[in-house]
file entry27.cif (mmCIF, C-alpha atoms and all ligand atoms)
data_upload
loop_
_atom_site.label_atom_id
_atom_site.label_comp_id
_atom_site.auth_asym_id
_atom_site.auth_seq_id
_atom_site.Cartn_x
_atom_site.Cartn_y
_atom_site.Cartn_z
CA MET A 1 8.12 12.23 24.74
CA LEU A 2 7.42 8.96 22.94
CA LEU A 3 9.69 6.71 25.02
CA GLU A 4 10.86 7.28 28.59
CA VAL A 5 13.26 4.78 30.10
CA ASP A 6 13.65 5.76 33.73
CA ASN A 7 16.53 4.45 35.83
CA ILE A 8 16.26 0.80 34.77
CA THR A 9 18.37 -2.07 36.03
CA LEU A 10 18.50 -5.52 34.48
CA LEU A 11 20.04 -8.77 35.65
CA TYR A 12 21.15 -11.88 33.76
CA GLY A 13 21.14 -14.28 36.68
CA ARG A 14 23.67 -12.81 39.07
CA ILE A 15 25.24 -10.54 36.44
CA GLN A 16 23.94 -6.99 36.53
CA ALA A 17 23.98 -5.77 32.92
CA LEU A 18 22.25 -2.39 33.42
CA HIS A 19 22.94 -0.09 36.38
CA GLY A 20 20.24 2.56 36.22
CA ILE A 21 19.85 3.58 32.57
CA THR A 22 17.78 6.71 31.85
CA VAL A 23 17.07 7.43 28.20
CA HIS A 24 14.29 9.26 26.41
CA VAL A 25 13.26 9.47 22.79
CA ASN A 26 11.09 12.30 21.48
CA GLU A 27 8.62 11.74 18.69
CA GLY A 28 10.30 12.09 15.29
CA GLU A 29 13.85 11.66 16.55
CA ILE A 30 16.63 9.27 15.65
CA VAL A 31 18.42 8.44 18.90
CA ALA A 32 21.57 6.31 18.96
CA LEU A 33 23.09 4.20 21.72
CA ILE A 34 26.81 3.76 21.26
CA GLY A 35 29.49 2.08 23.35
CA ALA A 36 31.98 -0.75 23.43
CA ASN A 37 31.15 -4.46 23.23
CA GLY A 38 29.26 -5.57 26.31
CA ALA A 39 28.32 -2.02 27.39
CA GLY A 40 24.62 -2.91 27.58
CA LYS A 41 23.26 -1.45 24.34
CA THR A 42 21.46 -4.60 23.18
CA THR A 43 20.25 -5.24 26.72
CA THR A 44 18.69 -1.76 26.84
CA MET A 45 16.88 -2.55 23.58
CA ARG A 46 15.67 -5.86 25.02
CA ALA A 47 14.26 -4.02 28.02
CA VAL A 48 12.38 -1.62 25.73
CA SER A 49 11.02 -4.35 23.46
CA GLY A 50 10.13 -6.43 26.53
CA VAL A 51 12.01 -9.61 25.66
CA ARG A 52 13.87 -9.29 28.99
CA ALA A 53 12.21 -8.12 32.19
CA ILE A 54 13.87 -5.31 34.12
CA ALA A 55 14.68 -5.62 37.83
CA SER A 56 13.80 -2.01 38.71
CA GLY A 57 12.91 1.29 37.08
CA ARG A 58 10.10 2.26 34.74
CA ILE A 59 9.43 2.37 31.01
CA ARG A 60 6.69 4.52 29.48
CA PHE A 61 5.69 4.52 25.83
CA ASN A 62 3.28 6.95 24.23
CA GLY A 63 1.95 7.92 27.67
CA VAL A 64 1.41 4.31 28.80
CA ASP A 65 3.40 2.52 31.51
CA ILE A 66 4.71 -0.56 29.70
CA THR A 67 7.13 -1.66 32.43
CA ARG A 68 5.35 -4.97 32.90
CA MET A 69 3.68 -5.28 29.52
CA ARG A 70 4.38 -8.45 27.50
CA ALA A 71 6.60 -8.09 24.44
CA ASP A 72 3.88 -9.07 21.97
CA LEU A 73 1.56 -6.41 23.38
CA ARG A 74 4.31 -3.82 23.04
CA VAL A 75 4.45 -4.67 19.32
CA ILE A 76 0.76 -3.86 19.07
CA GLN A 77 1.44 -0.55 20.86
CA GLY A 78 3.83 0.24 17.99
CA ILE A 79 7.29 -0.88 19.13
CA CYS A 80 9.09 -3.03 16.58
CA GLN A 81 12.56 -4.46 17.01
CA SER A 82 14.88 -5.66 14.28
CA PRO A 83 17.05 -8.08 16.22
CA GLU A 84 20.83 -7.93 16.23
CA GLY A 85 22.37 -10.18 13.60
CA ARG A 86 20.05 -12.21 11.46
CA GLY A 87 16.80 -13.23 13.11
CA VAL A 88 15.02 -13.98 9.82
CA PHE A 89 12.63 -16.92 9.50
CA PRO A 90 14.88 -19.48 7.75
CA GLY A 91 12.11 -21.63 6.26
CA MET A 92 10.19 -18.70 4.81
CA THR A 93 10.96 -16.99 1.54
CA VAL A 94 12.16 -13.39 1.35
CA ARG A 95 8.66 -12.39 0.36
CA GLU A 96 7.07 -14.23 3.30
CA ASN A 97 9.58 -12.74 5.71
CA LEU A 98 8.71 -9.25 4.50
CA GLU A 99 4.99 -10.01 4.73
CA MET A 100 5.50 -11.19 8.32
CA GLY A 101 6.91 -7.77 9.11
CA ALA A 102 3.56 -6.22 8.19
CA TYR A 103 1.35 -8.60 10.14
CA THR A 104 0.17 -6.10 12.76
CA ARG A 105 -0.71 -3.43 10.19
CA LYS A 106 -4.23 -2.38 9.48
CA ASP A 107 -3.50 -0.19 6.44
CA THR A 108 -3.17 -3.22 4.17
CA GLY A 109 -3.53 -1.06 1.06
CA ASN A 110 -0.05 0.35 1.54
CA ILE A 111 1.73 -2.94 2.21
CA ALA A 112 2.42 -3.80 -1.44
CA LYS A 113 3.74 -0.29 -2.04
CA ASP A 114 6.01 -0.48 0.99
CA MET A 115 7.28 -3.88 -0.06
CA ASP A 116 8.13 -2.43 -3.44
CA HIS A 117 9.94 0.40 -1.68
CA VAL A 118 11.95 -2.04 0.48
CA LEU A 119 12.84 -4.03 -2.64
CA ASP A 120 13.96 -0.82 -4.36
CA LEU A 121 16.16 -0.06 -1.37
CA PHE A 122 17.57 -3.60 -1.37
CA PRO A 123 17.65 -4.81 -5.00
CA ARG A 124 19.39 -7.97 -3.79
CA LEU A 125 16.23 -8.95 -1.94
CA ARG A 126 14.20 -8.48 -5.12
CA GLU A 127 16.55 -10.90 -6.92
CA ARG A 128 16.13 -13.40 -4.08
CA PHE A 129 12.41 -12.84 -3.58
CA LYS A 130 11.43 -16.52 -3.68
CA GLN A 131 14.52 -17.86 -1.93
CA ALA A 132 14.32 -19.23 1.63
CA GLY A 133 15.60 -16.76 4.23
CA GLY A 134 17.91 -19.36 5.74
CA THR A 135 19.82 -19.78 2.47
CA LEU A 136 20.68 -16.07 2.10
CA SER A 137 24.21 -14.85 2.82
CA GLY A 138 24.85 -13.18 6.18
CA GLY A 139 24.67 -9.67 4.69
CA GLU A 140 21.52 -10.52 2.75
CA GLN A 141 19.87 -11.83 5.91
CA GLN A 142 20.78 -8.61 7.66
CA MET A 143 19.15 -6.61 4.84
CA LEU A 144 16.07 -8.81 5.14
CA ALA A 145 15.89 -8.29 8.91
CA VAL A 146 16.01 -4.53 8.45
CA GLY A 147 13.56 -4.67 5.54
CA ARG A 148 11.15 -6.74 7.59
CA ALA A 149 11.29 -4.23 10.46
CA LEU A 150 10.60 -1.39 8.03
CA MET A 151 7.53 -3.27 6.77
CA SER A 152 5.78 -2.89 10.12
CA ARG A 153 5.77 0.93 9.95
CA PRO A 154 6.03 1.14 13.74
CA LYS A 155 5.75 4.26 15.88
CA LEU A 156 9.12 3.35 17.37
CA LEU A 157 11.58 1.32 15.36
CA LEU A 158 14.33 -0.39 17.35
CA LEU A 159 17.31 -1.17 15.16
CA ASP A 160 20.07 -3.29 16.66
CA GLU A 161 23.26 -3.05 14.63
CA PRO A 162 21.59 -2.53 11.24
CA SER A 163 24.97 -2.20 9.54
CA MET A 164 26.35 -5.47 10.91
CA GLY A 165 27.68 -7.76 8.23
CA LEU A 166 27.12 -5.30 5.39
CA ALA A 167 29.75 -4.29 2.85
CA PRO A 168 30.90 -0.64 3.12
CA MET A 169 28.75 0.60 0.25
CA LEU A 170 25.67 -0.97 1.77
CA ILE A 171 26.47 0.47 5.20
CA GLN A 172 26.25 3.95 3.71
CA GLN A 173 23.03 2.94 1.99
CA ILE A 174 21.40 1.47 5.07
CA PHE A 175 21.99 4.69 7.01
CA GLU A 176 20.52 6.68 4.14
CA ILE A 177 17.49 4.39 4.29
CA ILE A 178 17.19 4.91 8.05
CA THR A 179 17.26 8.68 7.58
CA GLU A 180 14.68 8.41 4.83
CA ILE A 181 12.32 6.28 6.96
CA ASN A 182 12.64 8.86 9.72
CA GLN A 183 12.12 11.88 7.47
CA ARG A 184 9.58 10.49 5.03
CA ASP A 185 7.33 8.59 7.43
CA GLY A 186 8.20 10.49 10.60
CA THR A 187 9.12 7.16 12.22
CA THR A 188 10.95 7.54 15.51
CA ILE A 189 14.07 5.39 15.67
CA LEU A 190 16.21 4.06 18.51
CA LEU A 191 19.41 2.70 17.10
CA VAL A 192 22.22 0.58 18.54
CA GLU A 193 25.41 0.78 16.54
CA GLN A 194 29.06 -0.20 16.62
CA ASN A 195 29.54 2.15 13.69
CA ALA A 196 29.56 5.26 15.89
CA GLN A 197 30.65 7.58 13.09
CA GLN A 198 27.62 6.82 10.94
CA ALA A 199 25.22 6.60 13.88
CA LEU A 200 26.26 9.99 15.31
CA SER A 201 26.14 11.63 11.87
CA ARG A 202 22.56 10.45 11.41
CA ALA A 203 21.18 10.72 14.95
CA HIS A 204 19.52 13.79 16.42
CA ARG A 205 20.75 12.72 19.86
CA ALA A 206 22.84 9.93 21.29
CA TYR A 207 23.87 8.28 24.55
CA VAL A 208 27.22 6.68 25.30
CA LEU A 209 27.09 3.52 27.43
CA GLU A 210 29.91 2.05 29.47
CA THR A 211 29.51 -1.11 31.56
CA GLY A 212 25.78 -0.74 31.97
CA SER A 213 25.63 3.01 32.66
CA ILE A 214 25.15 6.15 30.58
CA VAL A 215 28.38 8.14 30.72
CA LYS A 216 27.55 10.87 28.21
CA GLU A 217 24.69 12.24 26.17
CA GLY A 218 24.28 14.98 23.61
CA THR A 219 23.30 15.77 20.07
CA GLY A 220 24.84 13.59 17.38
CA GLN A 221 27.01 16.53 16.27
CA GLU A 222 28.19 17.34 19.82
CA LEU A 223 29.31 13.77 20.41
CA LEU A 224 30.84 13.50 16.95
CA HIS A 225 33.15 16.38 17.91
CA ASP A 226 33.70 15.39 21.53
CA PRO A 227 37.42 14.57 22.01
CA ALA A 228 36.79 11.69 24.44
CA VAL A 229 34.18 10.14 22.15
CA LYS A 230 36.48 10.56 19.16
CA ASP A 231 39.29 8.87 21.05
CA ALA A 232 37.26 5.94 22.31
CA TYR A 233 34.73 5.26 19.58
CA LEU A 234 35.56 7.03 16.34
CA GLY A 235 39.07 5.71 15.77
CA VAL A 236 40.54 9.22 15.31
CA ALA A 237 42.51 11.32 17.78
P1 LIG B 301 27.78 -5.59 21.69
O1 LIG B 301 28.12 -4.31 21.03
O2 LIG B 301 28.98 -6.49 21.83
O3 LIG B 301 26.58 -6.28 21.13
P2 LIG B 301 26.21 -4.56 23.92
O4 LIG B 301 26.56 -3.19 24.39
O5 LIG B 301 25.02 -4.70 23.09
O6 LIG B 301 27.47 -5.22 23.22
P3 LIG B 301 24.94 -6.43 25.71
O7 LIG B 301 24.71 -7.49 24.69
O8 LIG B 301 23.80 -5.61 26.13
O9 LIG B 301 26.10 -5.46 25.22
O10 LIG B 301 25.61 -7.11 26.97
C1 LIG B 301 25.78 -6.43 28.22
C2 LIG B 301 26.39 -7.41 29.22
O11 LIG B 301 25.45 -8.42 29.57
C3 LIG B 301 27.62 -8.14 28.71
O12 LIG B 301 28.54 -8.22 29.76
C4 LIG B 301 27.09 -9.50 28.32
O13 LIG B 301 28.07 -10.50 28.46
C5 LIG B 301 25.98 -9.71 29.31
N1 LIG B 301 24.91 -10.55 28.72
C6 LIG B 301 24.18 -10.29 27.61
N2 LIG B 301 23.27 -11.24 27.37
C7 LIG B 301 23.40 -12.15 28.38
C8 LIG B 301 22.76 -13.37 28.73
N3 LIG B 301 21.75 -13.85 27.99
N4 LIG B 301 23.19 -14.02 29.82
C9 LIG B 301 24.21 -13.55 30.59
N5 LIG B 301 24.84 -12.38 30.33
C10 LIG B 301 24.46 -11.69 29.25
#

call {"tool": "encode", "arguments": {"input": "entry27.cif", "output": "C-alpha cells"}}
result
Amino acid sequence: MLLEVDNITLLYGRIQALHGITVHVNEGEIVALIGANGAGKTTTMRAVSGVRAIASGRIRFNGVDITRMRADLRVIQGICQSPEGRGVFPGMTVRENLEMGAYTRKDTGNIAKDMDHVLDLFPRLRERFKQAGGTLSGGEQQMLAVGRALMSRPKLLLLDEPSMGLAPMLIQQIFEIITEINQRDGTTILLVEQNAQQALSRAHRAYVLETGSIVKEGTGQELLHDPAVKDAYLGVA
C-alpha cells in the first residue's frame, strides 16, 4: 500500500469537514474520490498533502507515518498536489512554471524531455511558452497547473479537479493524459473529480463521499454501473 488514510477527522474552526475518512491507494493505481459539492473531497486531499492538519486519525505514505509531517517534507517524500482551480505562479512564464514543477527532481537529464512531452500534450502551452502564467485564460491556467504537477514525476500525484474549466475535447484529452502518466510511468494517482463519469471510467478504484464520510467504495466499473451512483452522480437513471 502506498498511501493509507486511516479514520481521519478534520476541522475548519468549529466546522467538522471530515468525519472519519479511511482511504487507501495501492502502488500503480488510479483512485478517484467523487461526491457532491462540499462533500470533503478537496479537504481529504489537503489532509494528504499536509496543507491542513487533521484532528485525529493517521496517514502513512510509503511505509512512513506522515501524520504530523510538514507539507514541504511530504513533497520530498514524493507527494505532489496540483491544486484545485488555477494555482499557477502568475508572474512566471509558462516555461518557468513548468520548471518549478520539476524543482525537487534529481534526474535532471529527463526534465527537458518531460517538458517536451507536456508541451506535446498541451500544444496551447507551447504557443504560450513565454507568456506570464497570470495572463493565460482560465482553461490554459488549468492545463498549466496539471502540466506543472506532471513535471515533478511524483510517486503519488494528487489531482484536484483536473478537468475544471476545460472545454469538452480537452476534458477527454486530460483524462487520456492521466491514464498515460499512470501506465507509462507507473505513477500512482489520487484524483478528485466532479466529472464522475470520466473519473470512474479511468480509475481502478473509487470512493464516494457524502458530508465528510465515505458512503461507498468499489472498482471504477462497479461504481459506474451502481444504480445509486448513476442516479446521484452520473446524470442518468
Ligand atoms: P467541491 O466539489 O465543491 O470542491 P469538496 O467535496 O471538495 O467540494 P471541500 O472543499 O472539501 O468539498 O469542503 C468540505 C466542507 O468544508 C464544505 O462544507 C466547505 O464549506 C468546508 N470548508 C472547506 N474549506 C473551508 C475553510 N477554509 N474554512 C471553513 N470551511 C471550509

call {"tool": "residues_around", "arguments": {"input": "entry27.cif", "residues": "Val23 of chain A", "least_positions_apart": "4", "cutoff": "7 Å", "atoms": "all atoms listed in the file", "output": "PyMOL selection string"}}
result
chain A and resi 4-6

call {"tool": "residues_around", "arguments": {"input": "entry27.cif", "residues": "Arg14 of chain A", "least_positions_apart": "4", "cutoff": "12 Å", "atoms": "only C-alpha atoms", "output": "list in words"}}
result
Leu10, Leu18 and Ala55 of chain A

call {"tool": "residues_around", "arguments": {"input": "entry27.cif", "residues": "Arg70 of chain A", "least_positions_apart": "4", "cutoff": "10 Å", "atoms": "all atoms listed in the file", "output": "list of chain:residue names"}}
result
A:Ser49, A:Gly50, A:Val51, A:Arg52, A:Ala53, A:Ile66, A:Arg74, A:Val75

call {"tool": "residues_near_ligand", "arguments": {"input": "entry27.cif", "ligand": "ligand LIG 301 (chain B)", "cutoff": "10 Å", "atoms": "all atoms listed in the file", "output": "PyMOL selection string"}}
result
chain A and resi 10-18+33-47+52+84-85+160-161+192-195+208-212

call {"tool": "closest_residue", "arguments": {"input": "entry27.cif", "among": "A:Gly218, A:Gly87, A:Gly139, A:Gly235", "to": "Ala32 of chain A", "atoms": "all atoms listed in the file"}}
result
A:Gly218

call {"tool": "residues_near_point", "arguments": {"input": "entry27.cif", "point": "(0.8, -1.3, 4.6)", "cutoff": "12 Å", "atoms": "all atoms listed in the file", "output": "JSON, numbers by chain"}}
result
{"A": [98, 99, 100, 101, 102, 103, 104, 105, 106, 107, 108, 109, 110, 111, 112, 113, 114, 115, 116, 117, 118, 150, 151, 152, 153, 154]}

call {"tool": "residues_around", "arguments": {"input": "entry27.cif", "residues": "Gly134 of chain A", "least_positions_apart": "5", "cutoff": "8 Å", "atoms": "all atoms listed in the file", "output": "list in words"}}
result
Val88, Phe89, Pro90, Gly91, Met92 and Gln141 of chain A

call {"tool": "atom_distance", "arguments": {"input": "entry27.cif", "atom1": "atom CA of Leu190 of chain A", "atom2": "atom CA of Arg202 of chain A"}}
result
11.5 Å

call {"tool": "atom_distance", "arguments": {"input": "entry27.cif", "atom1": "atom CA of Leu159 of chain A", "atom2": "atom CA of Val146 of chain A"}}
result
7.6 Å

call {"tool": "atom_distance", "arguments": {"input": "entry27.cif", "atom1": "atom CA of Ile54 of chain A", "atom2": "atom CA of Val229 of chain A"}}
result
28.2 Å

call {"tool": "residues_around", "arguments": {"input": "entry27.cif", "residues": "Thr22 of chain A", "least_positions_apart": "2", "cutoff": "9 Å", "atoms": "only C-alpha atoms", "output": "MDAnalysis selection string"}}
result
chainID A and resid 4:8 20 24 57 213:214

call {"tool": "write_last_selection", "arguments": {"input": "entry27.cif", "atoms": "C-alpha atoms", "output": "CSV table (one decimal), in the coordinates of the input"}}
result
chain,number,residue,atom,x,y,z
A,4,GLU,CA,10.9,7.3,28.6
A,5,VAL,CA,13.3,4.8,30.1
A,6,ASP,CA,13.6,5.8,33.7
A,7,ASN,CA,16.5,4.4,35.8
A,8,ILE,CA,16.3,0.8,34.8
A,20,GLY,CA,20.2,2.6,36.2
A,24,HIS,CA,14.3,9.3,26.4
A,57,GLY,CA,12.9,1.3,37.1
A,213,SER,CA,25.6,3.0,32.7
A,214,ILE,CA,25.2,6.2,30.6

call {"tool": "closest_residue", "arguments": {"input": "entry27.cif", "among": "A:Gln81, A:Asn26, A:Thr9, A:Leu125", "to": "Thr67 of chain A", "atoms": "all atoms listed in the file"}}
result
A:Thr9

call {"tool": "closest_residue", "arguments": {"input": "entry27.cif", "among": "A:Val48, A:Ile59, A:Glu222, A:Gln198", "to": "Asp72 of chain A", "atoms": "only C-alpha atoms"}}
result
A:Val48

call {"tool": "axis_aligned_box", "arguments": {"input": "entry27.cif", "around": "segment 101-105 of chain A", "padding_each_side": "5 Å", "output": "AutoDock Vina command-line options"}}
result
--center_x 3.1 --center_y -6.0 --center_z 10.5 --size_x 17.6 --size_y 15.2 --size_z 14.6

call {"tool": "closest_residue", "arguments": {"input": "entry27.cif", "among": "A:Arg205, A:Gln131, A:Leu200, A:Gly138", "to": "Leu224 of chain A", "atoms": "all atoms listed in the file"}}
result
A:Leu200

call {"tool": "closest_residue", "arguments": {"input": "entry27.cif", "among": "A:Glu127, A:Asp185, A:Glu176, A:Glu96", "to": "Ser201 of chain A", "atoms": "all atoms listed in the file"}}
result
A:Glu176

call {"tool": "decode", "arguments": {"input": "entry27.cif", "residues": "segment 131-153 of chain A", "atoms": "N, CA and C atoms", "output": "PDB file, in the first residue's frame"}}
result
ATOM      1  N   GLN A 131       4.732  33.390 -22.201  1.00  0.00           N
ATOM      2  CA  GLN A 131       3.715  34.286 -21.631  1.00  0.00           C
ATOM      3  C   GLN A 131       3.613  34.082 -20.119  1.00  0.00           C
ATOM      4  N   ALA A 132       3.308  35.179 -19.396  1.00  0.00           N
ATOM      5  CA  ALA A 132       3.168  35.079 -17.937  1.00  0.00           C
ATOM      6  C   ALA A 132       1.941  34.226 -17.595  1.00  0.00           C
ATOM      7  N   GLY A 133       2.101  33.366 -16.591  1.00  0.00           N
ATOM      8  CA  GLY A 133       1.021  32.466 -16.178  1.00  0.00           C
ATOM      9  C   GLY A 133      -0.271  33.197 -15.855  1.00  0.00           C
ATOM     10  N   GLY A 134      -0.137  34.371 -15.217  1.00  0.00           N
ATOM     11  CA  GLY A 134      -1.306  35.128 -14.803  1.00  0.00           C
ATOM     12  C   GLY A 134      -2.125  35.699 -15.946  1.00  0.00           C
ATOM     13  N   THR A 135      -1.551  35.735 -17.157  1.00  0.00           N
ATOM     14  CA  THR A 135      -2.285  36.293 -18.293  1.00  0.00           C
ATOM     15  C   THR A 135      -2.924  35.200 -19.154  1.00  0.00           C
ATOM     16  N   LEU A 136      -2.777  33.939 -18.756  1.00  0.00           N
ATOM     17  CA  LEU A 136      -3.415  32.852 -19.507  1.00  0.00           C
ATOM     18  C   LEU A 136      -4.911  32.833 -19.199  1.00  0.00           C
ATOM     19  N   SER A 137      -5.686  32.242 -20.100  1.00  0.00           N
ATOM     20  CA  SER A 137      -7.120  32.066 -19.839  1.00  0.00           C
ATOM     21  C   SER A 137      -7.279  31.039 -18.714  1.00  0.00           C
ATOM     22  N   GLY A 138      -8.489  30.960 -18.173  1.00  0.00           N
ATOM     23  CA  GLY A 138      -8.752  30.027 -17.071  1.00  0.00           C
ATOM     24  C   GLY A 138      -8.405  28.586 -17.452  1.00  0.00           C
ATOM     25  N   GLY A 139      -8.854  28.167 -18.623  1.00  0.00           N
ATOM     26  CA  GLY A 139      -8.585  26.795 -19.077  1.00  0.00           C
ATOM     27  C   GLY A 139      -7.100  26.557 -19.289  1.00  0.00           C
ATOM     28  N   GLU A 140      -6.425  27.566 -19.834  1.00  0.00           N
ATOM     29  CA  GLU A 140      -4.974  27.442 -20.064  1.00  0.00           C
ATOM     30  C   GLU A 140      -4.219  27.336 -18.738  1.00  0.00           C
ATOM     31  N   GLN A 141      -4.684  28.095 -17.747  1.00  0.00           N
ATOM     32  CA  GLN A 141      -4.034  28.023 -16.426  1.00  0.00           C
ATOM     33  C   GLN A 141      -4.235  26.643 -15.810  1.00  0.00           C
ATOM     34  N   GLN A 142      -5.413  26.078 -16.056  1.00  0.00           N
ATOM     35  CA  GLN A 142      -5.690  24.744 -15.537  1.00  0.00           C
ATOM     36  C   GLN A 142      -4.759  23.718 -16.192  1.00  0.00           C
ATOM     37  N   MET A 143      -4.559  23.868 -17.504  1.00  0.00           N
ATOM     38  CA  MET A 143      -3.637  22.963 -18.213  1.00  0.00           C
ATOM     39  C   MET A 143      -2.230  23.110 -17.644  1.00  0.00           C
ATOM     40  N   LEU A 144      -1.862  24.360 -17.361  1.00  0.00           N
ATOM     41  CA  LEU A 144      -0.514  24.619 -16.836  1.00  0.00           C
ATOM     42  C   LEU A 144      -0.353  24.004 -15.437  1.00  0.00           C
ATOM     43  N   ALA A 145      -1.403  24.113 -14.630  1.00  0.00           N
ATOM     44  CA  ALA A 145      -1.330  23.538 -13.277  1.00  0.00           C
ATOM     45  C   ALA A 145      -1.149  22.018 -13.351  1.00  0.00           C
ATOM     46  N   VAL A 146      -1.871  21.397 -14.260  1.00  0.00           N
ATOM     47  CA  VAL A 146      -1.739  19.941 -14.410  1.00  0.00           C
ATOM     48  C   VAL A 146      -0.360  19.605 -14.992  1.00  0.00           C
ATOM     49  N   GLY A 147       0.044  20.369 -16.002  1.00  0.00           N
ATOM     50  CA  GLY A 147       1.363  20.143 -16.617  1.00  0.00           C
ATOM     51  C   GLY A 147       2.482  20.290 -15.596  1.00  0.00           C
ATOM     52  N   ARG A 148       2.361  21.277 -14.741  1.00  0.00           N
ATOM     53  CA  ARG A 148       3.388  21.513 -13.728  1.00  0.00           C
ATOM     54  C   ARG A 148       3.455  20.337 -12.753  1.00  0.00           C
ATOM     55  N   ALA A 149       2.298  19.825 -12.362  1.00  0.00           N
ATOM     56  CA  ALA A 149       2.275  18.662 -11.460  1.00  0.00           C
ATOM     57  C   ALA A 149       2.929  17.456 -12.141  1.00  0.00           C
ATOM     58  N   LEU A 150       2.659  17.291 -13.422  1.00  0.00           N
ATOM     59  CA  LEU A 150       3.243  16.142 -14.135  1.00  0.00           C
ATOM     60  C   LEU A 150       4.761  16.252 -14.186  1.00  0.00           C
ATOM     61  N   MET A 151       5.262  17.479 -14.216  1.00  0.00           N
ATOM     62  CA  MET A 151       6.709  17.713 -14.308  1.00  0.00           C
ATOM     63  C   MET A 151       7.472  17.200 -13.084  1.00  0.00           C
ATOM     64  N   SER A 152       6.780  17.007 -11.961  1.00  0.00           N
ATOM     65  CA  SER A 152       7.514  16.597 -10.762  1.00  0.00           C
ATOM     66  C   SER A 152       7.710  15.079 -10.701  1.00  0.00           C
ATOM     67  N   ARG A 153       7.052  14.349 -11.614  1.00  0.00           N
ATOM     68  CA  ARG A 153       7.165  12.877 -11.607  1.00  0.00           C
ATOM     69  C   ARG A 153       7.104  12.307 -10.197  1.00  0.00           C
TER      70      ARG A 153
END
